[in-house]
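Student: Pasting query_28.cif here (mmCIF, C-alpha atoms):
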data_work
#
loop_
_atom_site.group_PDB
_atom_site.id
_atom_site.type_symbol
_atom_site.label_atom_id
_atom_site.label_comp_id
_atom_site.auth_asym_id
_atom_site.auth_seq_id
_atom_site.Cartn_x
_atom_site.Cartn_y
_atom_site.Cartn_z
ATOM 1 C CA MET L 1 86.900 100.044 86.525
ATOM 2 C CA VAL L 2 90.698 100.137 86.577
ATOM 3 C CA HIS L 3 92.638 102.178 89.132
ATOM 4 C CA PHE L 4 96.281 102.950 88.336
ATOM 5 C CA VAL L 5 97.880 103.382 91.757
ATOM 6 C CA GLY L 6 101.307 104.703 92.706
ATOM 7 C CA ALA L 7 102.600 102.369 95.424
ATOM 8 C CA GLY L 8 105.273 104.735 96.727
ATOM 9 C CA PRO L 9 109.021 104.076 96.604
ATOM 10 C CA GLY L 10 109.127 101.073 98.939
ATOM 11 C CA ALA L 11 107.933 101.543 102.503
ATOM 12 C CA PRO L 12 104.390 100.097 102.657
ATOM 13 C CA ASP L 13 103.073 103.032 104.700
ATOM 14 C CA LEU L 14 104.065 105.523 101.988
ATOM 15 C CA ILE L 15 101.156 104.587 99.744
ATOM 16 C CA THR L 16 98.484 107.288 99.845
ATOM 17 C CA VAL L 17 95.292 106.836 101.873
ATOM 18 C CA ARG L 18 93.366 106.780 98.579
ATOM 19 C CA GLY L 19 95.693 104.198 97.064
ATOM 20 C CA LYS L 20 95.385 101.951 100.121
ATOM 21 C CA LYS L 21 91.580 102.204 99.920
ATOM 22 C CA TYR L 22 91.651 101.106 96.281
ATOM 23 C CA LEU L 23 93.881 98.160 97.196
ATOM 24 C CA GLU L 24 91.520 97.124 99.994
ATOM 25 C CA GLU L 25 88.525 97.188 97.645
ATOM 26 C CA ALA L 26 90.143 95.562 94.585
ATOM 27 C CA ASP L 27 88.997 92.237 93.156
ATOM 28 C CA ILE L 28 92.124 92.001 90.973
ATOM 29 C CA VAL L 29 95.592 93.458 91.642
ATOM 30 C CA ILE L 30 98.284 93.500 88.969
ATOM 31 C CA TYR L 31 101.498 94.723 90.593
ATOM 32 C CA ALA L 32 104.964 95.527 89.253
ATOM 33 C CA GLY L 33 106.657 92.663 91.069
ATOM 34 C CA SER L 34 110.224 93.645 90.287
ATOM 35 C CA LEU L 35 109.919 96.910 92.238
ATOM 36 C CA VAL L 36 106.739 97.126 94.345
ATOM 37 C CA ASN L 37 107.110 96.051 97.968
ATOM 38 C CA PRO L 38 105.054 92.816 98.317
ATOM 39 C CA GLU L 39 104.030 93.892 101.837
ATOM 40 C CA LEU L 40 101.529 96.197 100.161
ATOM 41 C CA LEU L 41 99.606 93.138 99.016
ATOM 42 C CA THR L 42 98.633 92.429 102.633
ATOM 43 C CA TYR L 43 96.157 95.324 102.299
ATOM 44 C CA THR L 44 94.076 93.326 99.813
ATOM 45 C CA LYS L 45 90.850 91.585 100.791
ATOM 46 C CA GLU L 46 90.346 87.842 101.013
ATOM 47 C CA GLY L 47 89.713 86.353 97.599
ATOM 48 C CA CYS L 48 91.521 89.121 95.691
ATOM 49 C CA GLN L 49 93.358 87.695 92.681
ATOM 50 C CA ILE L 50 96.967 88.907 92.484
ATOM 51 C CA TYR L 51 99.142 88.953 89.367
ATOM 52 C CA ASN L 52 102.843 89.820 89.118
ATOM 53 C CA SER L 53 103.312 91.854 85.934
ATOM 54 C CA ALA L 54 107.090 91.224 85.978
ATOM 55 C CA LYS L 55 106.224 87.836 84.461
ATOM 56 C CA MET L 56 103.607 89.167 82.015
ATOM 57 C CA THR L 57 103.539 90.928 78.650
ATOM 58 C CA LEU L 58 101.442 94.045 78.078
ATOM 59 C CA GLU L 59 98.954 91.914 76.153
ATOM 60 C CA GLU L 60 98.613 89.484 79.068
ATOM 61 C CA VAL L 61 98.010 92.359 81.491
ATOM 62 C CA ILE L 62 95.239 93.735 79.262
ATOM 63 C CA GLU L 63 93.723 90.257 78.922
ATOM 64 C CA VAL L 64 93.364 90.031 82.735
ATOM 65 C CA VAL L 65 91.820 93.518 82.847
ATOM 66 C CA GLU L 66 89.328 92.705 80.067
ATOM 67 C CA LYS L 67 88.220 89.515 81.825
ATOM 68 C CA ALA L 68 87.761 91.433 85.084
ATOM 69 C CA GLU L 69 85.706 94.107 83.312
ATOM 70 C CA ALA L 70 83.483 91.469 81.691
ATOM 71 C CA GLU L 71 82.804 90.059 85.174
ATOM 72 C CA GLY L 72 82.106 93.492 86.679
ATOM 73 C CA LYS L 73 85.215 93.407 88.855
ATOM 74 C CA THR L 74 87.540 96.219 89.957
ATOM 75 C CA THR L 75 91.237 96.087 89.027
ATOM 76 C CA VAL L 76 94.150 97.917 90.634
ATOM 77 C CA ARG L 77 97.262 98.289 88.490
ATOM 78 C CA LEU L 78 99.892 98.852 91.165
ATOM 79 C CA HIS L 79 103.023 100.674 90.012
ATOM 80 C CA THR L 80 106.120 101.633 91.944
ATOM 81 C CA GLY L 81 106.654 105.224 93.119
ATOM 82 C CA ASP L 82 104.507 107.597 91.127
ATOM 83 C CA PRO L 83 103.921 105.979 87.735
ATOM 84 C CA CYS L 84 104.101 109.288 85.865
ATOM 85 C CA ILE L 85 107.894 108.823 85.952
ATOM 86 C CA TYR L 86 109.116 105.818 83.905
ATOM 87 C CA GLY L 87 105.874 103.991 84.695
ATOM 88 C CA ALA L 88 104.907 102.801 81.172
ATOM 89 C CA ILE L 89 101.281 103.698 81.945
ATOM 90 C CA ARG L 90 100.481 105.657 78.787
ATOM 91 C CA GLU L 91 100.641 102.563 76.572
ATOM 92 C CA GLN L 92 98.235 100.780 78.906
ATOM 93 C CA MET L 93 95.837 103.745 79.022
ATOM 94 C CA ASP L 94 95.814 104.007 75.220
ATOM 95 C CA ILE L 95 94.687 100.397 74.895
ATOM 96 C CA LEU L 96 92.032 100.866 77.598
ATOM 97 C CA ASP L 97 90.791 103.940 75.681
ATOM 98 C CA GLU L 98 90.527 101.839 72.518
ATOM 99 C CA LYS L 99 88.573 99.181 74.375
ATOM 100 C CA LYS L 100 86.425 101.806 76.136
ATOM 101 C CA ILE L 101 87.427 100.547 79.599
ATOM 102 C CA ALA L 102 87.173 103.242 82.276
ATOM 103 C CA TYR L 103 90.213 104.027 84.443
ATOM 104 C CA ASP L 104 91.630 106.644 86.767
ATOM 105 C CA TYR L 105 95.042 107.371 88.243
ATOM 106 C CA CYS L 106 95.954 107.715 91.925
ATOM 107 C CA PRO L 107 99.345 109.438 92.351
ATOM 108 C CA GLY L 108 102.067 108.086 94.603
ATOM 109 C CA VAL L 109 105.343 109.174 96.208
ATOM 110 C CA SER L 110 108.208 109.032 93.714
ATOM 111 C CA ALA L 111 111.583 107.503 94.553
ATOM 112 C CA PHE L 112 113.195 110.889 93.895
ATOM 113 C CA CYS L 113 111.216 112.205 96.885
ATOM 114 C CA GLY L 114 112.122 109.133 98.922
ATOM 115 C CA ALA L 115 115.797 109.614 98.062
ATOM 116 C CA ALA L 116 115.724 113.227 99.247
ATOM 117 C CA SER L 117 114.156 112.127 102.537
ATOM 118 C CA ALA L 118 116.855 109.477 102.958
ATOM 119 C CA LEU L 119 119.500 112.210 102.820
ATOM 120 C CA ASN L 120 117.454 114.922 104.611
ATOM 121 C CA LEU L 121 118.019 116.861 101.420
ATOM 122 C CA GLU L 122 116.299 119.863 99.839
ATOM 123 C CA TYR L 123 116.728 119.859 96.068
ATOM 124 C CA THR L 124 115.919 123.562 95.619
ATOM 125 C CA LEU L 125 118.112 125.865 97.694
ATOM 126 C CA PRO L 126 118.179 129.633 97.018
ATOM 127 C CA ASP L 127 121.283 130.677 95.063
ATOM 128 C CA ILE L 128 122.330 127.004 94.698
ATOM 129 C CA SER L 129 119.623 125.436 92.509
ATOM 130 C CA GLN L 130 115.976 126.199 91.884
ATOM 131 C CA SER L 131 115.374 123.433 89.349
ATOM 132 C CA VAL L 132 115.374 119.640 89.390
ATOM 133 C CA ILE L 133 116.110 117.662 86.233
ATOM 134 C CA ILE L 134 114.820 114.079 86.305
ATOM 135 C CA THR L 135 116.397 111.948 83.616
ATOM 136 C CA ARG L 136 118.051 108.635 82.781
ATOM 137 C CA MET L 137 120.883 107.210 80.732
ATOM 138 C CA GLU L 138 120.004 105.581 77.442
ATOM 139 C CA GLY L 139 119.575 101.827 77.772
ATOM 140 C CA ARG L 140 117.224 99.537 75.887
ATOM 141 C CA THR L 141 114.758 102.432 76.024
ATOM 142 C CA PRO L 142 116.190 105.279 73.919
ATOM 143 C CA VAL L 143 116.527 108.880 75.117
ATOM 144 C CA PRO L 144 115.877 111.735 72.632
ATOM 145 C CA SER L 145 119.182 113.253 71.473
ATOM 146 C CA LYS L 146 118.149 116.732 72.630
ATOM 147 C CA GLU L 147 117.840 115.319 76.164
ATOM 148 C CA SER L 148 121.421 114.109 76.523
ATOM 149 C CA ILE L 149 123.065 114.060 79.950
ATOM 150 C CA GLN L 150 125.660 116.508 78.591
ATOM 151 C CA SER L 151 123.038 119.075 77.583
ATOM 152 C CA PHE L 152 121.311 118.858 80.968
ATOM 153 C CA ALA L 153 124.622 119.085 82.828
ATOM 154 C CA ALA L 154 125.206 122.498 81.252
ATOM 155 C CA HIS L 155 122.388 123.923 83.404
ATOM 156 C CA GLN L 156 124.193 123.064 86.679
ATOM 157 C CA ALA L 157 120.783 122.401 88.264
ATOM 158 C CA THR L 158 120.095 119.524 90.661
ATOM 159 C CA MET L 159 119.891 116.338 88.600
ATOM 160 C CA VAL L 160 118.239 113.069 89.612
ATOM 161 C CA VAL L 161 119.202 110.114 87.417
ATOM 162 C CA PHE L 162 117.013 107.004 87.374
ATOM 163 C CA LEU L 163 117.609 103.581 85.823
ATOM 164 C CA SER L 164 121.328 104.053 85.260
ATOM 165 C CA THR L 165 123.143 102.251 88.087
ATOM 166 C CA GLY L 166 124.940 99.907 85.698
ATOM 167 C CA MET L 167 126.323 102.766 83.596
ATOM 168 C CA LEU L 168 127.985 105.005 86.175
ATOM 169 C CA GLU L 169 131.397 105.351 84.494
ATOM 170 C CA GLU L 170 129.669 106.585 81.362
ATOM 171 C CA LEU L 171 127.331 108.798 83.413
ATOM 172 C CA SER L 172 130.320 110.473 85.102
ATOM 173 C CA ARG L 173 132.035 110.994 81.752
ATOM 174 C CA ARG L 174 128.956 112.653 80.251
ATOM 175 C CA LEU L 175 128.316 114.826 83.306
ATOM 176 C CA ILE L 176 131.883 116.126 83.225
ATOM 177 C CA GLU L 177 131.765 116.602 79.455
ATOM 178 C CA GLY L 178 128.577 118.637 79.927
ATOM 179 C CA GLY L 179 129.988 120.996 82.524
ATOM 180 C CA TYR L 180 130.045 119.493 86.006
ATOM 181 C CA THR L 181 133.480 119.174 87.610
ATOM 182 C CA ALA L 182 134.679 115.787 88.843
ATOM 183 C CA ASP L 183 134.436 117.011 92.442
ATOM 184 C CA THR L 184 130.799 118.179 92.149
ATOM 185 C CA PRO L 185 128.864 116.615 95.050
ATOM 186 C CA ALA L 186 126.797 113.545 94.224
ATOM 187 C CA ALA L 187 124.922 110.810 96.040
ATOM 188 C CA ILE L 188 123.734 107.268 95.396
ATOM 189 C CA VAL L 189 120.554 106.156 97.162
ATOM 190 C CA TYR L 190 119.841 102.426 97.086
ATOM 191 C CA LYS L 191 116.228 101.265 97.604
ATOM 192 C CA ALA L 192 114.980 104.548 99.067
ATOM 193 C CA THR L 193 112.586 104.040 102.036
ATOM 194 C CA TRP L 194 112.966 100.234 102.049
ATOM 195 C CA PRO L 195 114.350 98.592 105.236
ATOM 196 C CA GLU L 196 117.569 97.858 103.300
ATOM 197 C CA GLN L 197 117.961 101.488 102.172
ATOM 198 C CA LYS L 198 121.570 102.681 101.810
ATOM 199 C CA THR L 199 122.917 106.151 101.037
ATOM 200 C CA PHE L 200 126.359 107.128 99.807
ATOM 201 C CA VAL L 201 127.552 110.722 99.395
ATOM 202 C CA CYS L 202 130.377 110.979 96.883
ATOM 203 C CA THR L 203 131.313 113.092 93.865
ATOM 204 C CA VAL L 204 130.604 113.002 90.144
ATOM 205 C CA GLY L 205 134.062 111.526 89.591
ATOM 206 C CA THR L 206 133.649 108.737 92.168
ATOM 207 C CA LEU L 207 130.109 107.509 91.333
ATOM 208 C CA ALA L 208 131.237 104.230 89.729
ATOM 209 C CA LYS L 209 133.909 103.554 92.383
ATOM 210 C CA THR L 210 131.426 104.186 95.224
ATOM 211 C CA ALA L 211 128.830 101.846 93.705
ATOM 212 C CA ALA L 212 131.400 99.101 93.041
ATOM 213 C CA GLU L 213 132.857 99.288 96.565
ATOM 214 C CA ASN L 214 129.386 98.876 98.051
ATOM 215 C CA ASN L 215 128.059 96.285 95.577
ATOM 216 C CA ILE L 216 125.310 98.576 94.286
ATOM 217 C CA THR L 217 124.344 97.308 90.838
ATOM 218 C CA LYS L 218 120.632 98.176 90.501
ATOM 219 C CA THR L 219 117.583 99.716 92.228
ATOM 220 C CA ALA L 220 119.383 102.959 93.011
ATOM 221 C CA LEU L 221 119.208 106.522 91.816
ATOM 222 C CA MET L 222 121.867 109.176 91.606
ATOM 223 C CA ILE L 223 121.612 112.786 92.733
ATOM 224 C CA ILE L 224 123.998 115.299 91.205
ATOM 225 C CA GLY L 225 124.654 118.894 92.211
ATOM 226 C CA ASP L 226 125.732 121.308 94.897
ATOM 227 C CA THR L 227 122.530 120.856 96.920
ATOM 228 C CA VAL L 228 123.881 117.444 97.985
ATOM 229 C CA ALA L 229 126.541 119.115 100.114
ATOM 230 C CA ALA L 230 125.538 122.775 100.270
ATOM 231 C CA GLY L 231 127.475 124.488 103.048
ATOM 232 C CA HIS L 232 126.013 127.950 102.467
ATOM 233 C CA TYR L 233 122.839 129.205 100.857
ATOM 234 C CA ASP L 234 120.526 132.205 101.165
ATOM 235 C CA ARG L 235 117.466 131.869 103.378
ATOM 236 C CA SER L 236 114.085 131.397 101.754
ATOM 237 C CA LYS L 237 112.138 134.672 101.550
ATOM 238 C CA LEU L 238 108.981 132.800 102.582
ATOM 239 C CA TYR L 239 109.970 132.779 106.273
ATOM 240 C CA ASP L 240 112.284 135.800 106.283
ATOM 241 C CA PRO L 241 111.158 138.389 108.907
ATOM 242 C CA GLU L 242 112.105 141.161 106.445
ATOM 243 C CA PHE L 243 109.761 139.820 103.776
ATOM 244 C CA THR L 244 106.009 140.501 103.572
ATOM 245 C CA THR L 245 103.798 137.717 102.254
ATOM 246 C CA GLU L 246 100.085 137.335 101.569
ATOM 247 C CA PHE L 247 99.666 135.958 105.107
ATOM 248 C CA ARG L 248 102.206 137.926 107.144
ATOM 249 C CA GLU L 249 103.583 141.464 107.342
ATOM 250 C CA ALA L 250 107.319 142.015 107.619
ATOM 251 C CA THR L 251 108.284 142.266 111.296
ATOM 252 C CA LYS L 252 111.866 143.480 110.926
ATOM 253 C CA SER L 253 113.635 145.916 108.620
ATOM 254 C CA LYS L 254 117.150 145.620 107.269
ATOM 255 C CA THR L 255 119.928 147.271 109.243
ATOM 256 C CA HIS L 256 122.356 149.229 107.094
ATOM 257 C CA HIS L 257 125.946 149.566 108.271
ATOM 258 C CA SER L 258 128.134 152.421 107.100
#
Take the structure I supplied and represent it as structure tokens, if you would.

Tutor:
Amino acid sequence: MVHFVGAGPGAPDLITVRGKKYLEEADIVIYAGSLVNPELLTYTKEGCQIYNSAKMTLEEVIEVVEKAEAEGKTTVRLHTGDPCIYGAIREQMDILDEKKIAYDYCPGVSAFCGAASALNLEYTLPDISQSVIITRMEGRTPVPSKESIQSFAAHQATMVVFLSTGMLEELSRRLIEGGYTADTPAAIVYKATWPEQKTFVCTVGTLAKTAAENNITKTALMIIGDTVAAGHYDRSKLYDPEFTTEFREATKSKTHHS
């Protein structure tokens, strides 16, 4: 059996209870060494074989899994954050389907959640933004043309940009071309939830300058939109005393002034 496990964004105690249990029981662990905190490997049992997939091809990863299956062993494929976002898990699952190897998927905490916690930020504020766009700049992995940064920027929603730290001048240009102003609030979060975490609040126009001044070249994500520095927003109706919910009757009525 293979368990795909989301390791969380960095802090070793942000793995789920289920994910930690799988790690403790695993005979084989294949972890994304370039991003997963190696402290998580201390949860493994004595005798567990550990492989760093940063040094492996997809074919080599599958070879280890097949050998483990033939020996009746359990494998954990440990991915950073929640692997449903830029996790390259589908290609692995397709091969396991072909080979009739059973697997399941334990979700984790994504870095976009960790970044919000680093800034004490709520992405969805009433009358500011009620949507979050998660995207990336085009690098070696292409992005469909209909999903350009410019087209997303037109929505003026909160945007979280992964895997683009080395392209911030171009990111700013595309955001402004799409509709954000240069002074739209923005933030850079480096290694969210890790001990070396750093946060920088800036603007769309100063993303590249902020990163350069602080030597941030990788392992960061960018947050774009007014929720980064919202000074005023409407209260949520969920806890408003004037609003009845399934669980609570309204306790206060509106006062009308003439």

Student: I need the residue set behind the PyMOL selection byres ((chain L and resi 215-225) around 7) for this file; please write it as an mmCIF file with C-alpha atoms, keeping the file's coordinate frame.

Tutor:
data_model
loop_
_atom_site.group_PDB
_atom_site.id
_atom_site.type_symbol
_atom_site.label_atom_id
_atom_site.label_comp_id
_atom_site.auth_asym_id
_atom_site.auth_seq_id
_atom_site.Cartn_x
_atom_site.Cartn_y
_atom_site.Cartn_z
ATOM 1 C CA GLN L 156 124.193 123.064 86.679
ATOM 2 C CA ALA L 157 120.783 122.401 88.264
ATOM 3 C CA THR L 158 120.095 119.524 90.661
ATOM 4 C CA MET L 159 119.891 116.338 88.600
ATOM 5 C CA VAL L 160 118.239 113.069 89.612
ATOM 6 C CA VAL L 161 119.202 110.114 87.417
ATOM 7 C CA PHE L 162 117.013 107.004 87.374
ATOM 8 C CA LEU L 163 117.609 103.581 85.823
ATOM 9 C CA THR L 165 123.143 102.251 88.087
ATOM 10 C CA GLY L 166 124.940 99.907 85.698
ATOM 11 C CA THR L 184 130.799 118.179 92.149
ATOM 12 C CA PRO L 185 128.864 116.615 95.050
ATOM 13 C CA ALA L 186 126.797 113.545 94.224
ATOM 14 C CA ALA L 187 124.922 110.810 96.040
ATOM 15 C CA ILE L 188 123.734 107.268 95.396
ATOM 16 C CA VAL L 189 120.554 106.156 97.162
ATOM 17 C CA TYR L 190 119.841 102.426 97.086
ATOM 18 C CA LYS L 191 116.228 101.265 97.604
ATOM 19 C CA ALA L 211 128.830 101.846 93.705
ATOM 20 C CA ALA L 212 131.400 99.101 93.041
ATOM 21 C CA GLU L 213 132.857 99.288 96.565
ATOM 22 C CA ASN L 214 129.386 98.876 98.051
ATOM 23 C CA ASP L 226 125.732 121.308 94.897
ATOM 24 C CA THR L 227 122.530 120.856 96.920
ATOM 25 C CA VAL L 228 123.881 117.444 97.985
#

Student: To one decimal place in Å, what is the distance between atom CA of L:Ile95 and atom CA of L:Leu58?

Tutor: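 Atom CA of L:Leu58 lies 9.8 Å from atom CA of L:Ile95.
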
Student: Give one line per residue of stretch 115-198 of chain L that approaches stretch 8-24 of chain L to at most 7 Å, naming the two atoms of the closest pair and their distance in Å to one decimal, counting all atoms listed in the file; sort by chain then ascending residue number and deliver it as CSV.

Tutor:
residue,atom,partner,partner_atom,distance
L:Ala192,CA,L:Pro9,CA,6.5
L:Thr193,CA,L:Ala11,CA,5.3
L:Trp194,CA,L:Gly10,CA,5.0

Student: Restricting the calculation to only C-alpha atoms, which member of L:Thr74, L:Asn52, L:Gln92, L:Ser151 is positioned closest to L:Ile28?

Tutor: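 So, comparing all the options, the nearest one is L:Thr74.
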
Student: For L:Thr57, please output as a ChimeraX atom specification all residues within 12 Å (counting all atoms listed in the file; exclusion window: fewer than 6 positions along the same chain).

Tutor: /L:30,32,51,63-64,92

Student: Taking only C-alpha atoms, show stretch 31-114 of chain L of the given structure as a compact mmCIF listing (two decimals), in the first residue's frame.

Tutor:
# COMPACT_ATOMS: atom_id res chain seq x y z
CA TYR L 31 10.15 12.43 0.63
CA ALA L 32 10.45 15.58 -1.47
CA GLY L 33 13.84 16.55 -0.08
CA SER L 34 14.04 19.98 -1.66
CA LEU L 35 11.01 21.24 0.30
CA VAL L 36 9.91 18.85 3.08
CA ASN L 37 11.32 19.61 6.52
CA PRO L 38 13.70 16.71 7.35
CA GLU L 39 12.62 16.90 11.00
CA LEU L 40 9.49 15.03 9.94
CA LEU L 41 11.65 11.98 9.27
CA THR L 42 12.26 11.63 13.02
CA TYR L 43 8.69 10.28 13.25
CA THR L 44 9.69 7.16 11.31
CA LYS L 45 10.33 3.82 13.01
CA GLU L 46 13.70 2.14 13.35
CA GLY L 47 14.64 0.31 10.18
CA CYS L 48 12.49 2.50 7.90
CA GLN L 49 14.22 3.04 4.55
CA ILE L 50 14.26 6.71 3.53
CA TYR L 51 14.70 8.05 0.00
CA ASN L 52 15.10 11.67 -1.09
CA SER L 53 13.10 12.11 -4.31
CA ALA L 54 14.95 15.36 -5.13
CA LYS L 55 17.74 13.08 -6.39
CA MET L 56 15.43 10.61 -8.18
CA THR L 57 13.50 10.42 -11.45
CA LEU L 58 9.83 9.44 -11.53
CA GLU L 59 10.87 6.02 -12.83
CA GLU L 60 13.26 5.51 -9.91
CA VAL L 61 10.54 6.46 -7.42
CA ILE L 62 8.16 3.91 -8.96
CA GLU L 63 10.90 1.27 -8.93
CA VAL L 64 11.28 1.69 -5.14
CA VAL L 65 7.49 1.49 -4.69
CA GLU L 66 7.22 -1.67 -6.82
CA LYS L 67 9.99 -3.39 -4.84
CA ALA L 68 8.27 -2.45 -1.57
CA GLU L 69 4.95 -3.81 -2.84
CA ALA L 70 6.57 -7.09 -3.89
CA GLU L 71 7.93 -7.44 -0.34
CA GLY L 72 4.58 -6.58 1.27
CA LYS L 73 5.86 -3.30 2.68
CA THR L 74 4.07 0.03 3.21
CA THR L 75 5.35 3.16 1.46
CA VAL L 76 4.71 6.80 2.35
CA ARG L 77 5.24 9.31 -0.45
CA LEU L 78 5.78 12.49 1.55
CA HIS L 79 5.02 15.72 -0.30
CA THR L 80 5.29 19.30 0.87
CA GLY L 81 2.18 21.27 1.88
CA ASP L 82 -0.92 19.68 0.42
CA PRO L 83 0.16 17.86 -2.74
CA CYS L 84 -3.04 18.74 -4.61
CA ILE L 85 -1.33 22.07 -5.39
CA TYR L 86 1.75 21.73 -7.66
CA GLY L 87 2.45 18.31 -6.14
CA ALA L 88 2.98 16.26 -9.34
CA ILE L 89 0.99 13.41 -7.76
CA ARG L 90 -1.35 12.66 -10.66
CA GLU L 91 1.44 11.28 -12.84
CA GLN L 92 2.50 8.97 -10.01
CA MET L 93 -1.08 7.81 -9.36
CA ASP L 94 -1.62 7.06 -13.06
CA ILE L 95 1.38 4.73 -13.10
CA LEU L 96 0.26 3.04 -9.87
CA ASP L 97 -3.19 2.54 -11.46
CA GLU L 98 -1.53 0.90 -14.47
CA LYS L 99 0.46 -1.39 -12.21
CA LYS L 100 -2.59 -2.08 -10.01
CA ILE L 101 -0.82 -0.85 -6.86
CA ALA L 102 -3.24 0.42 -4.21
CA TYR L 103 -2.80 3.94 -2.80
CA ASP L 104 -4.62 6.63 -0.87
CA TYR L 105 -4.06 10.31 -0.22
CA CYS L 106 -3.81 12.06 3.16
CA PRO L 107 -4.27 15.84 2.79
CA GLY L 108 -1.92 18.36 4.36
CA VAL L 109 -1.74 22.08 5.17
CA SER L 110 -0.84 24.11 2.09
CA ALA L 111 1.78 26.86 2.14
CA PHE L 112 -0.92 29.35 1.12
CA CYS L 113 -2.59 28.63 4.48
CA GLY L 114 0.75 28.86 6.26
